[in-house]
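Chemist: Can you keep this structure in mind? I'll have questions shortly.
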Amino acid sequence: MAAGALAYYTAPDVLTHPGPHARRLNELPEGLPALHSALNELLVHVWKVRAYHPHLFAPVGREVFVRHTARLLETMLRLDPAPLSAPRPVERRAVVDCRHFAVVLCGVLRHRGVPARPRCGFATYLEKSVYVDHWICEVWDASQGRWLMEDADKQLHDVPPDEFLTGTHAWQLCRQNAAFAEQIGYTAEQRGLWVARANLVRDVAALNGFPSVSGDAWGLGRIADADLTPSDLETLDYVADLAEHATDDAAFAALCDMYESTPGLRVPDVIPNSDHFNGNAWRFVDWRAEP
């Protein structure tokens with residue numbers, strides 16, 4: 001892997017930076033399986049709350065839309081100021097989704113000097129009928145010279161690449177075989193190439209330091225299928241290929257340059273977000289101004 005990329009993915013970015021709570025991360029255990037377990041004692045997925053603890057669910061103050069790790073850590077410590085190694089009862093865990101498990105794991109590992117990066121894509125192991133929208137964290141294993149895919153939400157270590165498709169790889173598979181796109185979805189009902197396109201854009205942004213939250217959609221990830229041009233498809237194909245082959249410094253620099261120079265890929269200052277707690281109504285968030 002490119003030395004420049006490894007350095008980039010070792011430094012905290014604006015969304016993974018733990019802020020004033022950095023030293024509290026030292027309270028968490030060493031080793032990936034232990035970290036997965038510890039995070040599941042601090043965070044709880046929103047679907048589990050809805051399914052098993054509906055009395056705890058409140059749409060106001062939810063953490064699912066929190067982008068900044070520092071803000072999420074503040075919430076976690078406000079819910080329970082005990083050491084982060086101490087298990088919390090479910091009512092004192094932050095209600096999040098898979099993205100936050102991946103991003104917090106990434107933040108912890110970067111704090112410890114380990115290259116890590118959140119990835120947006122699709123898991124094969126969540127539903128039988130469709131490859132479901134999901135987030136994992138890639139962790140660089142220097143001894144093996146490769147990225148390990150870690151699912152902290154499901155507590156899975158070294159997920160095989162045929163069980164989690166990154167957004168960039170899923171897009172390539174869909175472009176090679178149009179029928180495959182029908183296996184890609186947010187749900188069994190919401191599936192197709194448009195879903196793969198949306199997660200491609202989100203995955204490329206994550207590779208460039210912006211792991212988006214549920215409902216974020218912008219640029220080439222939000223545009224209607226009917227409005228896509230051949231040039232748009234060429235851009236999407238090219239950036240997916242760059243991401244899949246960014247193994248040296250020149251290729252990694254080209255990926256970063258492509259992202260920064262392409263408005264349809266780069267995250268805008270005001271980002272459209274579909275609020276799934278409010279009938280998927282669109283709201284427009286100045287994410288840089290968020291606390």
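Ordered as shown in the structure tokens, chains take letters A, B, and onward, while each chain numbers its residues from 1 and ligands are numbered from 1 in the order shown.
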Env of stretch 89-96 of chain A: 7 Å cut, atoms = only C-alpha atoms, seq-sep filter 3 positions within chain, self excluded. Answer as a VMD selection string.
Modeler: chain A and resid 42 to 46 56 62 to 64 76 79 to 80 100
Chemist: Just want the 7 Å neighbourhood of A:Thr124, counted on only C-alpha atoms, with same-chain residues fewer than 3 positions away dropped. Output as a PDB file with C-alpha atoms, in the first residue's frame.
Modeler:
```pdb
ATOM      1  CA  GLU A 127     -30.491 -10.396   4.501  1.00  0.00           C
ATOM      2  CA  TYR A 131     -26.821  -7.279  -0.567  1.00  0.00           C
ATOM      3  CA  VAL A 132     -27.693  -4.659   2.070  1.00  0.00           C
ATOM      4  CA  GLU A 163     -19.220 -11.042   1.998  1.00  0.00           C
ATOM      5  CA  PHE A 164     -18.755  -7.273   2.045  1.00  0.00           C
TER       6      PHE A 164
END
```
Chemist: Set the distance at 6 Å and use only C-alpha atoms: which residues neighbour stretch 177-183 of chain A once local chain neighbours fewer than 3 positions away are removed? I'd like the list as a list in words.
Modeler: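 Surrounding residues, per the criterion: Val130, Tyr131, Cys174, Arg191, Gly192 and Leu193 of chain A.
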Chemist: Which residues are near A:Trp140? Cut-off 9 Å, only C-alpha atoms, ignore same chain within fewer than 3 positions. Put them as a list in words.
Modeler: Leu6, Val114, Pro115, Ala116, Arg117, Ser143, Gln144, Gly145, Arg146, Trp147, Leu148 and Met149 of chain A
Chemist: From the options A:Ala51, A:Ala152, A:Val213, A:Leu32, which residue's atoms come nearest to A:Thr69, counting only C-alpha atoms?
Modeler: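 Counting only C-alpha atoms, the residue closest to A:Thr69 is A:Val213.
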Chemist: Can you pull out every residue within 9 Å of stretch 264-273 of chain A, counting only C-alpha atoms, but drop anything in the same chain fewer than 3 positions away, and send it as a PyMOL selection string?
Modeler: chain A and resi 201-202+204-205+208+210+213-222+232+236+258-261+280-288
Chemist: With only C-alpha atoms as the counted atoms, please give the residues lying no more than 12 Å from A:His21, apart from itself and same-chain residues fewer than 5 positions off, as a list in words.
Modeler: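 So, after excluding close chain neighbours, the residues are Thr16, Asn26, Glu27, Thr69, Ala70, Arg71, Leu72, Leu73, Glu74, Thr75, Met76, Leu77, Arg78, Pro81, Pro83, Leu84, Gly107, Val108 and His111 of chain A.
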Chemist: Step one, run DSSP on the backbone; step two, keep only residues of stretch 20-209 of chain A assigned to strand (DSSP E or B); then write them as a ChimeraX atom specification.
Modeler: /A:43-45,94-96,116-123,131-141,146-151,156,164-166,184-185,191
Chemist: Please identify which residues in stretch 140-272 of chain A DSSP calls alpha helix (DSSP H) from the backbone, and express them as a VMD selection string.
Modeler: chain A and resid 167 to 176 193 to 207 230 to 244 249 to 261
Chemist: Take the residues that were just selected and, keeping C-alpha atoms, output them as a PDB file, in the first residue's frame.
Modeler:
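Done, and the output landed in result.pdb:
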```
ATOM      1  CA  GLY A 167     -19.096   0.798  -2.783  1.00  0.00           C
ATOM      2  CA  THR A 168     -16.390   1.078  -5.436  1.00  0.00           C
ATOM      3  CA  HIS A 169     -16.259  -2.674  -6.085  1.00  0.00           C
ATOM      4  CA  ALA A 170     -20.051  -3.072  -6.068  1.00  0.00           C
ATOM      5  CA  TRP A 171     -20.318  -0.371  -8.732  1.00  0.00           C
ATOM      6  CA  GLN A 172     -17.806  -2.177 -10.946  1.00  0.00           C
ATOM      7  CA  LEU A 173     -19.693  -5.464 -10.604  1.00  0.00           C
ATOM      8  CA  CYS A 174     -22.963  -3.769 -11.512  1.00  0.00           C
ATOM      9  CA  ARG A 175     -21.420  -2.127 -14.565  1.00  0.00           C
ATOM     10  CA  GLN A 176     -19.993  -5.460 -15.700  1.00  0.00           C
ATOM     11  CA  LEU A 193     -27.979   0.573  -9.994  1.00  0.00           C
ATOM     12  CA  TRP A 194     -29.073   3.879  -8.406  1.00  0.00           C
ATOM     13  CA  VAL A 195     -28.367   2.397  -4.950  1.00  0.00           C
ATOM     14  CA  ALA A 196     -24.934   1.194  -6.057  1.00  0.00           C
ATOM     15  CA  ARG A 197     -24.261   4.671  -7.489  1.00  0.00           C
ATOM     16  CA  ALA A 198     -25.253   6.428  -4.280  1.00  0.00           C
ATOM     17  CA  ASN A 199     -22.966   4.220  -2.201  1.00  0.00           C
ATOM     18  CA  LEU A 200     -20.129   4.565  -4.692  1.00  0.00           C
ATOM     19  CA  VAL A 201     -20.200   8.331  -4.150  1.00  0.00           C
ATOM     20  CA  ARG A 202     -20.419   7.865  -0.376  1.00  0.00           C
ATOM     21  CA  ASP A 203     -17.553   5.333  -0.407  1.00  0.00           C
ATOM     22  CA  VAL A 204     -15.301   7.643  -2.428  1.00  0.00           C
ATOM     23  CA  ALA A 205     -16.061  10.447   0.027  1.00  0.00           C
ATOM     24  CA  ALA A 206     -15.208   8.141   2.939  1.00  0.00           C
ATOM     25  CA  LEU A 207     -11.869   7.336   1.293  1.00  0.00           C
ATOM     26  CA  PRO A 230     -22.410   9.534 -20.569  1.00  0.00           C
ATOM     27  CA  SER A 231     -19.792  11.859 -19.089  1.00  0.00           C
ATOM     28  CA  ASP A 232     -21.213  11.275 -15.595  1.00  0.00           C
ATOM     29  CA  LEU A 233     -20.975   7.513 -16.032  1.00  0.00           C
ATOM     30  CA  GLU A 234     -17.426   7.863 -17.311  1.00  0.00           C
ATOM     31  CA  THR A 235     -16.544   9.860 -14.178  1.00  0.00           C
ATOM     32  CA  LEU A 236     -18.103   7.248 -11.892  1.00  0.00           C
ATOM     33  CA  ASP A 237     -16.355   4.385 -13.685  1.00  0.00           C
ATOM     34  CA  TYR A 238     -13.028   6.180 -13.576  1.00  0.00           C
ATOM     35  CA  VAL A 239     -13.137   7.071  -9.877  1.00  0.00           C
ATOM     36  CA  ALA A 240     -14.209   3.516  -8.981  1.00  0.00           C
ATOM     37  CA  ASP A 241     -11.232   2.163 -10.903  1.00  0.00           C
ATOM     38  CA  LEU A 242      -8.907   4.653  -9.217  1.00  0.00           C
ATOM     39  CA  ALA A 243     -10.146   3.617  -5.773  1.00  0.00           C
ATOM     40  CA  GLU A 244      -9.751  -0.057  -6.517  1.00  0.00           C
ATOM     41  CA  ASP A 249       1.338   7.188  -4.059  1.00  0.00           C
ATOM     42  CA  ALA A 250       0.635   8.389  -7.610  1.00  0.00           C
ATOM     43  CA  ALA A 251      -2.659   6.482  -7.854  1.00  0.00           C
ATOM     44  CA  PHE A 252      -3.714   7.598  -4.372  1.00  0.00           C
ATOM     45  CA  ALA A 253      -2.933  11.221  -5.242  1.00  0.00           C
ATOM     46  CA  ALA A 254      -4.981  10.844  -8.440  1.00  0.00           C
ATOM     47  CA  LEU A 255      -7.954   9.548  -6.418  1.00  0.00           C
ATOM     48  CA  CYS A 256      -7.745  12.507  -4.025  1.00  0.00           C
ATOM     49  CA  ASP A 257      -7.358  14.986  -6.899  1.00  0.00           C
ATOM     50  CA  MET A 258     -10.335  13.497  -8.735  1.00  0.00           C
ATOM     51  CA  TYR A 259     -12.498  13.796  -5.638  1.00  0.00           C
ATOM     52  CA  GLU A 260     -11.483  17.378  -4.875  1.00  0.00           C
ATOM     53  CA  SER A 261     -11.829  18.591  -8.464  1.00  0.00           C
TER      54      SER A 261
END
```
Chemist: Nearest residue to A:Ala289 out of A:Lys154, A:Leu28, A:His68, A:Ser129, using only C-alpha atoms?
Modeler: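 Of all the options, A:His68 lies closest to A:Ala289.
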Chemist: Which residue out of A:Arg119, A:Arg24, A:Arg99, A:His53 has the minimum interatomic distance to A:Asp153 when only C-alpha atoms are used?
Modeler: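 Between A:Arg119, A:Arg24, A:Arg99, A:His53, the residue approaching A:Asp153 most closely is A:Arg99.
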Chemist: Rounded to one decimal in Å, what is the spacing between atom CA of A:Cys137 and atom CA of A:Phe101?
Modeler: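 That distance, rounded to one decimal, is 8.4 Å.
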Chemist: Nearest residue to A:Glu41 out of A:Tyr125, A:Val66, A:Gln155, A:Glu138, using only C-alpha atoms?
Modeler: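 For A:Glu41, the nearest of the candidates is A:Gln155.
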Chemist: When you count only C-alpha atoms, which of these residues is closest to A:Phe65: A:Arg88, A:Ile223, A:Cys98, A:Ala38?
Modeler: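 Between A:Arg88, A:Ile223, A:Cys98, A:Ala38, the residue approaching A:Phe65 most closely is A:Cys98.
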